[in-house]
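These notes are about the structure you will find just below.
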Amino acid sequence: MSQINLTIDGKSVAVEPGATVLEAARRAGVAVPTICDHKDLSPYGACRMCIVEIEGVRGFPTSCTTPAAEGMQVRTASPELESLRKRTMELMLSGHPNSCLVCPHREACESMRPKATKAGRSTRCGFCSNKEECDIRTMALEAGSRDLNLPTLYAAHNLERGDPFMDRDYNLCILCARCWRICEKIHGKPAISIINRGKDARVGTAFHKSHVHSGCTFCGSCIDICPTGTLTDRFARWYGKPDAKTPSACLLCPEGCALIAQTHSGKLVAATMTAFQSEASLCALGRFGMAQIVNASTRLLRPAIRENDEAFTVDWDTALDSAANGLKQHAGRVGILISAATTREERHLYARLAAGLNGRFAVVPTLPVDPLPAGQGTPLPEWLADIQSGKITALILGGDFLERELARSLDFLLVIDGLPVRVQDQADVVLPAALLAESAGTLRTAAGQIRSLARISRAPGQAKSEWEILRDIGQKLDIAEMHFDTLQDVTAAITDDAPPASFPGRPRQDVFSLPATYRGHLLADIIPALSAFGLPTTYDPSQEVQPTEGFELLEIRELVPNMHLLRIHAPQVAAHAKPGQFVILMARETSERAPFTLADWDAATGSITLIIEEVGRSSRELISLSQGARLAHVSGPLGQAFPVERKGTVVLGGGCYGIGAILPLARALKEAGNRVISVIEGSSAYLLYWEDKIRAVSDELRIATKDGTRGTYGGVQEVFQEIREREEDQGAAINMIVAVGCTFMMRMVSELTKPWDVSTFVALNPIMVDGTGMCGACRVSIHDETKFACIDGPFFDAHGVDWDELACRRGAYAREEVEALPQTVDLNTLMFPETAKQGCGCGG
């Protein structure tokens, strides 16, 4: 069939029949903006950013839905098109948090903190985990002028965390429909669609069902195709944009699905489909589970041996010598028990090792969830009875398959695994093995196809690839058949290997028939979200100790998105609190110690008030409590009180949680006879709170917003500059400045006021961890002298702070903080969604 010839912006281009004008423009090298279009989806025309002018055609058709025709004359750029696109973008951004796009400090801010800051709702780019890959952000920045003439309408949708694996923040949704369209393409019947009408339209499930019961297979395609941060992988979201994507395969079940392994700084963070096609779809375990397994906090890190009933870590040579010596003493009476979730190379070497030791060898198959009475769901080989009879006296265990009673019958036990097993304290030698994406090799699928596995993630600690461990043991035992130099040599030596048994009667995408175990370990213990599908787990939420005594939570509510007010009954703290001090909170006895600034207190009622911003595990745990709950610990007041003296004119600046923190300072300074000017900032007007409270204790209240929706366009520093110029014009002066907020804001204030010769103080609470000076995490350099923010501060001379050092220390625990974020699922929310907290309570 002949090609179609047309002209795009004066460029001649030929395309195949059926191609769209947008495809023709791309063929001609002409960039046309679009959001809803995707190469794997049918044209939709929802975003209307790709409009063009076509000679002889009325109006401005969308190029993604318009078929190319012979002789077409197309223009993609004109004053009318640019104006319409700008208006369309304004409409799109008016319902999408956009303050970072128009903020005057965007470039400086992003140079100092290029990674997104953890948060609950994403109220701006700096709080959005999709910041590095957001299509709407990229398009807005490329557009140049981003002046917005429409108000930002924050929808205040509830942040949805009730389903396994994903977080959904529909406040970011632009209704491009990519998510449900890809779901329909892959699965035929989409589990989600656009519900409601008009301004209430949003993506959701029919009758607001949980995704677990909506037909969702949790393949992750909706997350992977979302152009904004609306849909995110709960585990991977805060690691940032993957720096490598490597083809590999999944070992977690006999299907052996192909996948793309995504890594960040050598760490596996996600596994995605190879293509948006039905045959390439991954199950929930393959898509979300692999990364959580290799990054499990319980991973074995160092080889260990047991002597005289005492276990201790040793170097690899010592551990291998102990393993070889123990096995040699039991030659002819050795058993080997491993999992089918191993590579062809590993099973081949295990078989050779068994032959060299004249031992017994068995592979435990992977099965869908169907737990046996023992709770493991894994049939064990009959020859294990020979352990009790004494025919087998030594065992190599490659998984959690052995009961403790049976282990006691052994004279020698060698464990080779990456995760702790139940009988680990009875093992004579424990060798930490690399798991899944941490080791290369091949697998034969249930269909008989051989697939390659790539080594794309670093094994933790001193863990080694399993094939290397087996080879080294074999060489220590002088087994000639175990002398291999490379993994490729092992692969070449495999002449016959049977494919593992397939799952009996398991539909590939049935989330209720996923494997219950990996190498005998209960998967729901490693990946808590799997309990939503009925997989067995040893975790019992009813056993969590909820404090029945302690500090009562008198009030809790969300003032504005991510900012929560907690009022707690703590009479001893309230009786002694002073402005600038903080307290340490622990929701439960097992919780982390978390420091929070005192925003208010009432000695008469014995209550203290805190403004807690959701940024991580501890803050999320606290804001999830309900009124009437009791906190295990409230310690304080801690830190040095702010020196309240009569100075003259004092200017206070507060941003984010700092708005609440400056209230007691303003009150105390005004009572001391100062003229107090308070300045509060927010990224947008809907993020401001406590205006009336702060106005009541100030002589003047000024407001700044980064998007210009209220008060001065910019941050507190712009208002400080205005105040200084006004005071100088009136022959007056500012005598002291105090700034409380994020480190970027406080640094900007410090740099602004340094030439002014005005005493400037900042609160360095953001870098505290322990709150008592014991951890050392809050060490700061003030005028080249080492101080601790929690015991020497939190307030310091802003002009003496080593801000570069502070930035480095601020990010010292960034990865650990991300890894600590909970992956659990609220089963009550799944079953009874109407009981979940609705909205943010901010009245937006």
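Labels for the structure tokens follow display order: chains A, B, ..., residues from 1 in each chain, ligands from 1.
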Within 10 Å of Ala354 in chain A using only C-alpha atoms, minus same-chain residues under 2 positions, as an NGL selection string
:A and (331-332 or 334-336 or 348-352 or 356-362 or 396 or 474)
Can you pull out every residue from range 437-572 of chain A that DSSP, working from the backbone, puts in alpha helix (DSSP H), and format the result as a ChimeraX atom specification? /A:466-476,487-493,523-526,571-572
Residues near range 687-699 of chain A, cut-off 7 Å, only C-alpha atoms, skip fewer than 6 positions along chain, as a PDB file with all heavy atoms, in the first residue's frame:
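Okay, this is what ended up in out.pdb:
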```
ATOM      1  N   LEU A 559      -5.041  19.980  59.869  1.00  0.00           N
ATOM      2  CA  LEU A 559      -5.363  21.387  59.649  1.00  0.00           C
ATOM      3  C   LEU A 559      -5.374  21.719  58.165  1.00  0.00           C
ATOM      4  O   LEU A 559      -6.315  22.343  57.654  1.00  0.00           O
ATOM      5  CB  LEU A 559      -4.346  22.272  60.369  1.00  0.00           C
ATOM      6  CG  LEU A 559      -4.276  22.140  61.889  1.00  0.00           C
ATOM      7  CD1 LEU A 559      -3.128  22.980  62.434  1.00  0.00           C
ATOM      8  CD2 LEU A 559      -5.591  22.547  62.531  1.00  0.00           C
ATOM      9  N   VAL A 560      -4.320  21.360  57.506  1.00  0.00           N
ATOM     10  CA  VAL A 560      -4.175  21.498  56.058  1.00  0.00           C
ATOM     11  C   VAL A 560      -3.442  20.241  55.606  1.00  0.00           C
ATOM     12  O   VAL A 560      -2.922  19.492  56.432  1.00  0.00           O
ATOM     13  CB  VAL A 560      -3.381  22.773  55.675  1.00  0.00           C
ATOM     14  CG1 VAL A 560      -4.147  24.027  56.058  1.00  0.00           C
ATOM     15  CG2 VAL A 560      -1.995  22.773  56.303  1.00  0.00           C
ATOM     16  N   PRO A 561      -3.392  19.956  54.314  1.00  0.00           N
ATOM     17  CA  PRO A 561      -2.741  18.723  53.877  1.00  0.00           C
ATOM     18  C   PRO A 561      -1.357  18.524  54.484  1.00  0.00           C
ATOM     19  O   PRO A 561      -0.492  19.400  54.412  1.00  0.00           O
ATOM     20  CB  PRO A 561      -2.672  18.898  52.358  1.00  0.00           C
ATOM     21  CG  PRO A 561      -3.863  19.720  52.040  1.00  0.00           C
ATOM     22  CD  PRO A 561      -3.991  20.683  53.182  1.00  0.00           C
ATOM     23  N   LEU A 663       4.322  30.398  67.138  1.00  0.00           N
ATOM     24  CA  LEU A 663       3.255  30.951  67.975  1.00  0.00           C
ATOM     25  C   LEU A 663       3.715  31.246  69.403  1.00  0.00           C
ATOM     26  O   LEU A 663       3.559  32.387  69.890  1.00  0.00           O
ATOM     27  CB  LEU A 663       2.043  30.013  67.982  1.00  0.00           C
ATOM     28  CG  LEU A 663       0.899  30.428  68.915  1.00  0.00           C
ATOM     29  CD1 LEU A 663       0.217  31.693  68.405  1.00  0.00           C
ATOM     30  CD2 LEU A 663      -0.117  29.302  69.071  1.00  0.00           C
ATOM     31  N   ALA A 666       6.184  34.222  69.411  1.00  0.00           N
ATOM     32  CA  ALA A 666       5.558  35.528  69.218  1.00  0.00           C
ATOM     33  C   ALA A 666       4.880  35.992  70.508  1.00  0.00           C
ATOM     34  O   ALA A 666       5.003  37.161  70.914  1.00  0.00           O
ATOM     35  CB  ALA A 666       4.549  35.443  68.074  1.00  0.00           C
ATOM     36  N   ARG A 667       4.174  35.083  71.159  1.00  0.00           N
ATOM     37  CA  ARG A 667       3.468  35.434  72.390  1.00  0.00           C
ATOM     38  C   ARG A 667       4.441  35.898  73.477  1.00  0.00           C
ATOM     39  O   ARG A 667       4.242  36.951  74.110  1.00  0.00           O
ATOM     40  CB  ARG A 667       2.669  34.229  72.882  1.00  0.00           C
ATOM     41  CG  ARG A 667       1.891  34.501  74.163  1.00  0.00           C
ATOM     42  CD  ARG A 667       1.351  33.188  74.744  1.00  0.00           C
ATOM     43  NE  ARG A 667       0.386  32.589  73.868  1.00  0.00           N
ATOM     44  CZ  ARG A 667       0.389  31.313  73.484  1.00  0.00           C
ATOM     45  NH1 ARG A 667       1.360  30.504  73.907  1.00  0.00           N
ATOM     46  NH2 ARG A 667      -0.554  30.844  72.699  1.00  0.00           N
ATOM     47  N   LYS A 670       6.247  39.240  72.593  1.00  0.00           N
ATOM     48  CA  LYS A 670       5.347  40.397  72.725  1.00  0.00           C
ATOM     49  C   LYS A 670       5.106  40.729  74.193  1.00  0.00           C
ATOM     50  O   LYS A 670       5.104  41.902  74.587  1.00  0.00           O
ATOM     51  CB  LYS A 670       4.030  40.104  72.013  1.00  0.00           C
ATOM     52  CG  LYS A 670       3.060  41.289  71.990  1.00  0.00           C
ATOM     53  CD  LYS A 670       1.852  41.007  71.133  1.00  0.00           C
ATOM     54  CE  LYS A 670       0.830  42.132  71.204  1.00  0.00           C
ATOM     55  NZ  LYS A 670       1.396  43.427  70.772  1.00  0.00           N
ATOM     56  N   ARG A 675       8.078  44.692  69.842  1.00  0.00           N
ATOM     57  CA  ARG A 675       7.165  44.842  68.718  1.00  0.00           C
ATOM     58  C   ARG A 675       7.382  43.627  67.823  1.00  0.00           C
ATOM     59  O   ARG A 675       8.480  43.419  67.290  1.00  0.00           O
ATOM     60  CB  ARG A 675       7.477  46.129  67.955  1.00  0.00           C
ATOM     61  CG  ARG A 675       6.643  46.329  66.698  1.00  0.00           C
ATOM     62  CD  ARG A 675       7.069  47.584  65.968  1.00  0.00           C
ATOM     63  NE  ARG A 675       6.451  47.710  64.666  1.00  0.00           N
ATOM     64  CZ  ARG A 675       7.077  48.104  63.565  1.00  0.00           C
ATOM     65  NH1 ARG A 675       8.374  48.414  63.640  1.00  0.00           N
ATOM     66  NH2 ARG A 675       6.436  48.222  62.429  1.00  0.00           N
ATOM     67  N   VAL A 676       6.351  42.815  67.683  1.00  0.00           N
ATOM     68  CA  VAL A 676       6.490  41.535  67.001  1.00  0.00           C
ATOM     69  C   VAL A 676       5.793  41.577  65.648  1.00  0.00           C
ATOM     70  O   VAL A 676       4.596  41.876  65.560  1.00  0.00           O
ATOM     71  CB  VAL A 676       5.905  40.381  67.846  1.00  0.00           C
ATOM     72  CG1 VAL A 676       5.943  39.075  67.064  1.00  0.00           C
ATOM     73  CG2 VAL A 676       6.673  40.250  69.154  1.00  0.00           C
ATOM     74  N   ILE A 677       6.577  41.303  64.610  1.00  0.00           N
ATOM     75  CA  ILE A 677       6.026  41.162  63.255  1.00  0.00           C
ATOM     76  C   ILE A 677       6.196  39.695  62.855  1.00  0.00           C
ATOM     77  O   ILE A 677       7.324  39.195  62.802  1.00  0.00           O
ATOM     78  CB  ILE A 677       6.760  42.069  62.251  1.00  0.00           C
ATOM     79  CG1 ILE A 677       6.706  43.526  62.703  1.00  0.00           C
ATOM     80  CG2 ILE A 677       6.150  41.911  60.863  1.00  0.00           C
ATOM     81  CD1 ILE A 677       7.547  44.460  61.836  1.00  0.00           C
ATOM     82  N   SER A 678       5.090  39.013  62.618  1.00  0.00           N
ATOM     83  CA  SER A 678       5.143  37.599  62.246  1.00  0.00           C
ATOM     84  C   SER A 678       4.877  37.443  60.755  1.00  0.00           C
ATOM     85  O   SER A 678       3.996  38.105  60.198  1.00  0.00           O
ATOM     86  CB  SER A 678       4.113  36.790  63.038  1.00  0.00           C
ATOM     87  OG  SER A 678       4.402  36.804  64.414  1.00  0.00           O
TER      88      SER A 678
END
```
- Polymer residues at most 8 Å from Phe761 in chain A, only C-alpha atoms, same-chain spacing of 2 or more positions, as a list in words: Ile737, Val738, Ala739, Ser759, Ala763, Phe795, Phe796, Asp797 and Ala798 of chain A
Give me the residues within 6 Å of Ile192 in chain A as a count of residues only, counting only C-alpha atoms and dropping any in the same chain fewer than 4 places off. 3
May I ask which of the residues A:His38, A:Tyr44, A:Cys250, A:Gly636 is the closest one to Asp224 in chain A, counting only C-alpha atoms?
->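 Of all the options, A:His38 lies closest to Asp224 in chain A.
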